[in-house]
file final-v2.txt (compact mmCIF, C-alpha atoms)
# COMPACT_ATOMS: atom_id res chain seq x y z
CA GLN A 1 -55.62 -84.53 12.42
CA HIS A 2 -55.42 -85.26 8.69
CA ILE A 3 -54.23 -82.78 6.11
CA VAL A 4 -55.20 -82.91 2.45
CA HIS A 5 -52.68 -80.76 0.63
CA LEU A 6 -53.58 -79.36 -2.77
CA GLY A 7 -50.27 -79.18 -4.55
CA ALA A 8 -49.25 -79.13 -8.18
CA CYS A 9 -48.17 -81.59 -10.81
CA GLY A 10 -44.51 -82.11 -11.44
CA ARG A 11 -41.76 -84.63 -10.99
CA ASP A 12 -40.68 -85.65 -7.51
CA ASP A 13 -37.22 -84.21 -8.19
CA ALA A 14 -38.49 -80.89 -9.56
CA THR A 15 -35.98 -78.15 -10.28
CA ILE A 16 -38.53 -75.55 -11.44
CA GLY A 17 -39.41 -73.16 -8.62
CA HIS A 18 -43.19 -73.47 -8.89
CA TRP A 19 -43.18 -77.25 -8.47
CA ALA A 20 -40.25 -77.31 -6.06
CA TRP A 21 -42.15 -74.94 -3.75
CA HIS A 22 -45.13 -77.28 -3.66
CA GLN A 23 -42.83 -80.19 -2.88
CA LEU A 24 -41.21 -78.23 -0.06
CA VAL A 25 -44.69 -77.79 1.46
CA GLU A 26 -45.33 -81.52 1.01
CA ARG A 27 -42.11 -82.43 2.83
CA TYR A 28 -42.92 -79.95 5.63
CA ILE A 29 -46.32 -81.60 6.18
CA GLU A 30 -44.73 -85.06 6.17
CA TRP A 31 -41.94 -84.08 8.55
CA SER A 32 -44.44 -82.42 10.90
CA GLY A 33 -45.89 -85.83 11.69
CA PHE A 34 -49.42 -85.19 10.45
CA SER A 35 -51.49 -87.79 8.70
CA PHE A 36 -51.63 -86.49 5.14
CA THR A 37 -52.74 -86.98 1.57
CA HIS A 38 -51.20 -84.96 -1.25
CA LEU A 39 -53.27 -84.07 -4.30
CA ARG A 40 -51.34 -83.11 -7.43
CA PRO A 41 -53.77 -81.95 -10.09
CA GLU A 42 -52.46 -81.48 -13.57
CA CYS A 43 -53.99 -78.76 -15.79
CA PHE A 44 -57.30 -77.33 -14.60
CA MET A 45 -59.96 -77.28 -17.31
CA GLN A 46 -61.13 -73.96 -15.87
CA ASN A 47 -57.88 -72.37 -17.07
CA LEU A 48 -59.21 -72.72 -20.62
CA LEU A 49 -61.60 -69.86 -19.87
CA SER A 50 -59.25 -67.61 -17.94
CA TYR A 51 -55.66 -67.83 -16.83
CA ASP A 52 -54.28 -65.28 -14.38
CA GLY A 53 -57.31 -63.06 -15.02
CA THR A 54 -56.59 -63.05 -18.75
CA GLN A 55 -59.26 -64.38 -21.09
CA ALA A 56 -57.74 -67.47 -22.67
CA VAL A 57 -60.26 -67.88 -25.48
CA LYS A 58 -60.98 -64.82 -27.61
CA SER A 59 -63.22 -64.87 -30.67
CA GLY A 60 -62.79 -68.62 -31.09
CA VAL A 61 -58.99 -68.55 -30.73
CA ILE A 62 -57.11 -70.27 -27.92
CA GLU A 63 -53.71 -68.63 -27.43
CA GLN A 64 -51.16 -70.59 -25.47
CA TYR A 65 -47.41 -71.11 -25.41
CA THR A 66 -46.88 -74.86 -25.35
CA GLY A 67 -46.80 -75.95 -28.98
CA ASP A 68 -48.44 -79.33 -29.54
CA THR A 69 -47.76 -80.63 -26.03
CA ALA A 70 -50.56 -82.77 -24.64
CA PHE A 71 -51.69 -82.06 -21.08
CA ASN A 72 -53.51 -84.16 -18.54
CA TRP A 73 -56.66 -82.10 -17.84
CA VAL A 74 -58.81 -82.22 -14.71
CA ASP A 75 -61.91 -80.32 -13.60
CA GLY A 76 -61.37 -78.32 -10.40
CA GLU A 77 -64.74 -79.51 -9.08
CA ASP A 78 -63.53 -83.12 -9.38
CA VAL A 79 -60.40 -82.22 -7.42
CA ALA A 80 -62.66 -80.78 -4.69
CA ARG A 81 -64.66 -84.02 -4.64
CA VAL A 82 -61.48 -86.08 -4.23
CA ALA A 83 -60.34 -83.81 -1.38
CA ALA A 84 -63.70 -84.14 0.39
CA HIS A 85 -63.72 -87.93 -0.03
CA THR A 86 -60.18 -88.11 1.31
CA LEU A 87 -61.07 -86.02 4.36
CA LEU A 88 -64.08 -88.25 5.07
CA GLN A 89 -61.96 -91.43 4.92
CA PRO A 90 -58.42 -90.45 5.94
CA HIS A 91 -57.51 -93.97 7.06
CA LYS A 92 -57.84 -95.15 3.43
CA HIS A 93 -55.74 -92.33 1.97
CA ALA A 94 -53.11 -91.52 4.61
CA GLY A 95 -49.60 -91.24 3.21
CA GLN A 96 -50.78 -91.23 -0.41
CA THR A 97 -49.98 -88.86 -3.25
CA TYR A 98 -52.58 -88.73 -6.00
CA ARG A 99 -51.83 -87.26 -9.39
CA LEU A 100 -55.15 -86.03 -10.74
CA GLY A 101 -55.93 -85.78 -14.43
CA TYR A 102 -57.92 -87.87 -16.81
CA ASP A 103 -58.24 -86.33 -20.25
CA ILE A 104 -54.99 -86.04 -22.18
CA GLN A 105 -55.38 -83.45 -24.93
CA SER A 106 -53.29 -80.77 -26.61
CA TYR A 107 -54.67 -77.25 -27.06
CA GLY A 108 -55.25 -78.11 -30.72
CA ASP A 109 -57.30 -81.13 -29.61
CA VAL A 110 -59.25 -78.91 -27.21
CA ALA A 111 -60.04 -76.44 -30.00
CA ASN A 112 -61.36 -79.32 -32.13
CA ILE A 113 -63.50 -80.61 -29.26
CA MET A 114 -64.92 -77.15 -28.60
CA THR A 115 -65.73 -76.73 -32.29
CA ARG A 116 -67.57 -80.04 -32.35
CA LEU A 117 -69.46 -79.57 -29.06
CA LEU A 118 -70.32 -75.89 -29.32
CA GLY A 119 -71.00 -75.79 -33.06
CA GLN A 120 -68.80 -72.80 -33.74
CA PRO A 121 -65.22 -72.68 -35.00
CA PHE A 122 -62.31 -72.66 -32.56
CA ARG A 123 -58.62 -72.86 -33.32
CA TYR A 124 -55.38 -72.98 -31.39
CA ASP A 125 -52.81 -70.26 -32.01
CA ALA A 126 -49.45 -71.39 -30.61
CA GLN A 127 -47.49 -68.39 -29.35
CA PRO A 128 -43.74 -68.32 -28.69
CA PRO A 129 -42.63 -68.39 -25.01
CA HIS A 130 -41.30 -64.81 -25.08
CA VAL A 131 -44.88 -63.56 -25.65
CA PHE A 132 -45.94 -65.36 -22.44
CA LEU A 133 -43.11 -63.64 -20.55
CA GLU A 134 -44.07 -60.24 -21.96
CA ASN A 135 -47.74 -60.77 -21.08
CA MET A 136 -46.94 -61.88 -17.53
CA ARG A 137 -44.67 -58.88 -16.96
CA ALA A 138 -47.37 -56.57 -18.36
CA ALA A 139 -49.79 -58.11 -15.84
CA GLY A 140 -47.38 -57.26 -13.00
CA ALA A 141 -45.40 -60.48 -12.55
CA GLU A 142 -41.71 -60.23 -11.79

call {"tool": "encode", "arguments": {"input": "final-v2.txt", "output": "structure tokens"}}
result
Amino acid sequence: QHIVHLGACGRDDATIGHWAWHQLVERYIEWSGFSFTHLRPECFMQNLLSYDGTQAVKSGVIEQYTGDTAFNWVDGEDVARVAAHTLLQPHKHAGQTYRLGYDIQSYGDVANIMTRLLGQPFRYDAQPPHVFLENMRAAGAE
């Protein structure tokens, strides 16, 4: 009787297909008359290790395509805990949308944190967006 929808971050008036699709699903749930809670996690910390099956950290180098942009990171296990809590107490969370993220860091910041915590050097290598497109197409994306 209560749906907890795991969506994606993004503005409420998204024009990018990935986020707009998630918002379409949110509206469908709302219009269907269900009691609901929407969860919108930002960047999953787990994506630091692998993204789309591609190793994200190789030999101490993090390669990404976002320049110095800071992201709002969240652990996927914490998102699961929020979902479980919400399902156990739907009356407290019905009709709510929760944006989930709690550690704002750029990839350069993440490399520095990993260096400090793991005791080995890490660095961030910012790649241009066309490399991302080429890699995604090579992996089979349209």

call {"tool": "closest_residue", "arguments": {"input": "final-v2.txt", "among": "A:Arg40, A:His2, A:Lys92, A:Lys58", "to": "A:Trp73", "atoms": "all atoms listed in the file"}}
result
A:Arg40

call {"tool": "closest_atom_pairs", "arguments": {"input": "final-v2.txt", "of": "stretch 54-92 of chain A", "to": "stretch 25-36 of chain A", "cutoff": "10 Å", "atoms": "all atoms listed in the file", "output": "CSV"}}
result
residue,atom,partner,partner_atom,distance
A:Thr86,CA,A:Phe36,CA,9.5
A:Leu87,CA,A:Phe36,CA,9.5
A:Pro90,CA,A:Phe36,CA,7.9
A:His91,CA,A:Ser35,CA,8.8

call {"tool": "atom_distance", "arguments": {"input": "final-v2.txt", "atom1": "atom CA of A:Met136", "atom2": "atom CA of A:Gln23"}}
result
23.8 Å

call {"tool": "residues_near_point", "arguments": {"input": "final-v2.txt", "point": "(-59.7, -76.5, -35.3)", "cutoff": "8 Å", "atoms": "all atoms listed in the file", "output": "NGL selection string"}}
result
:A and (108-109 or 111-112 or 115 or 121-124)

call {"tool": "write_last_selection", "arguments": {"input": "final-v2.txt", "atoms": "C-alpha atoms", "output": "tab-separated table (two decimals), keeping the file's coordinate frame"}}
result
chain	number	residue	atom	x	y	z
A	108	GLY	CA	-55.25	-78.11	-30.72
A	109	ASP	CA	-57.30	-81.13	-29.61
A	111	ALA	CA	-60.04	-76.44	-30.00
A	112	ASN	CA	-61.36	-79.32	-32.13
A	115	THR	CA	-65.73	-76.73	-32.29
A	121	PRO	CA	-65.22	-72.68	-35.00
A	122	PHE	CA	-62.31	-72.66	-32.56
A	123	ARG	CA	-58.62	-72.86	-33.32
A	124	TYR	CA	-55.38	-72.98	-31.39

call {"tool": "closest_residue", "arguments": {"input": "final-v2.txt", "among": "A:Ala83, A:Val4, A:Leu117, A:Cys9", "to": "A:Phe44", "atoms": "only C-alpha atoms"}}
result
A:Cys9

call {"tool": "closest_residue", "arguments": {"input": "final-v2.txt", "among": "A:Val61, A:Ala141, A:Leu100, A:Ile16", "to": "A:Leu49", "atoms": "only C-alpha atoms"}}
result
A:Val61
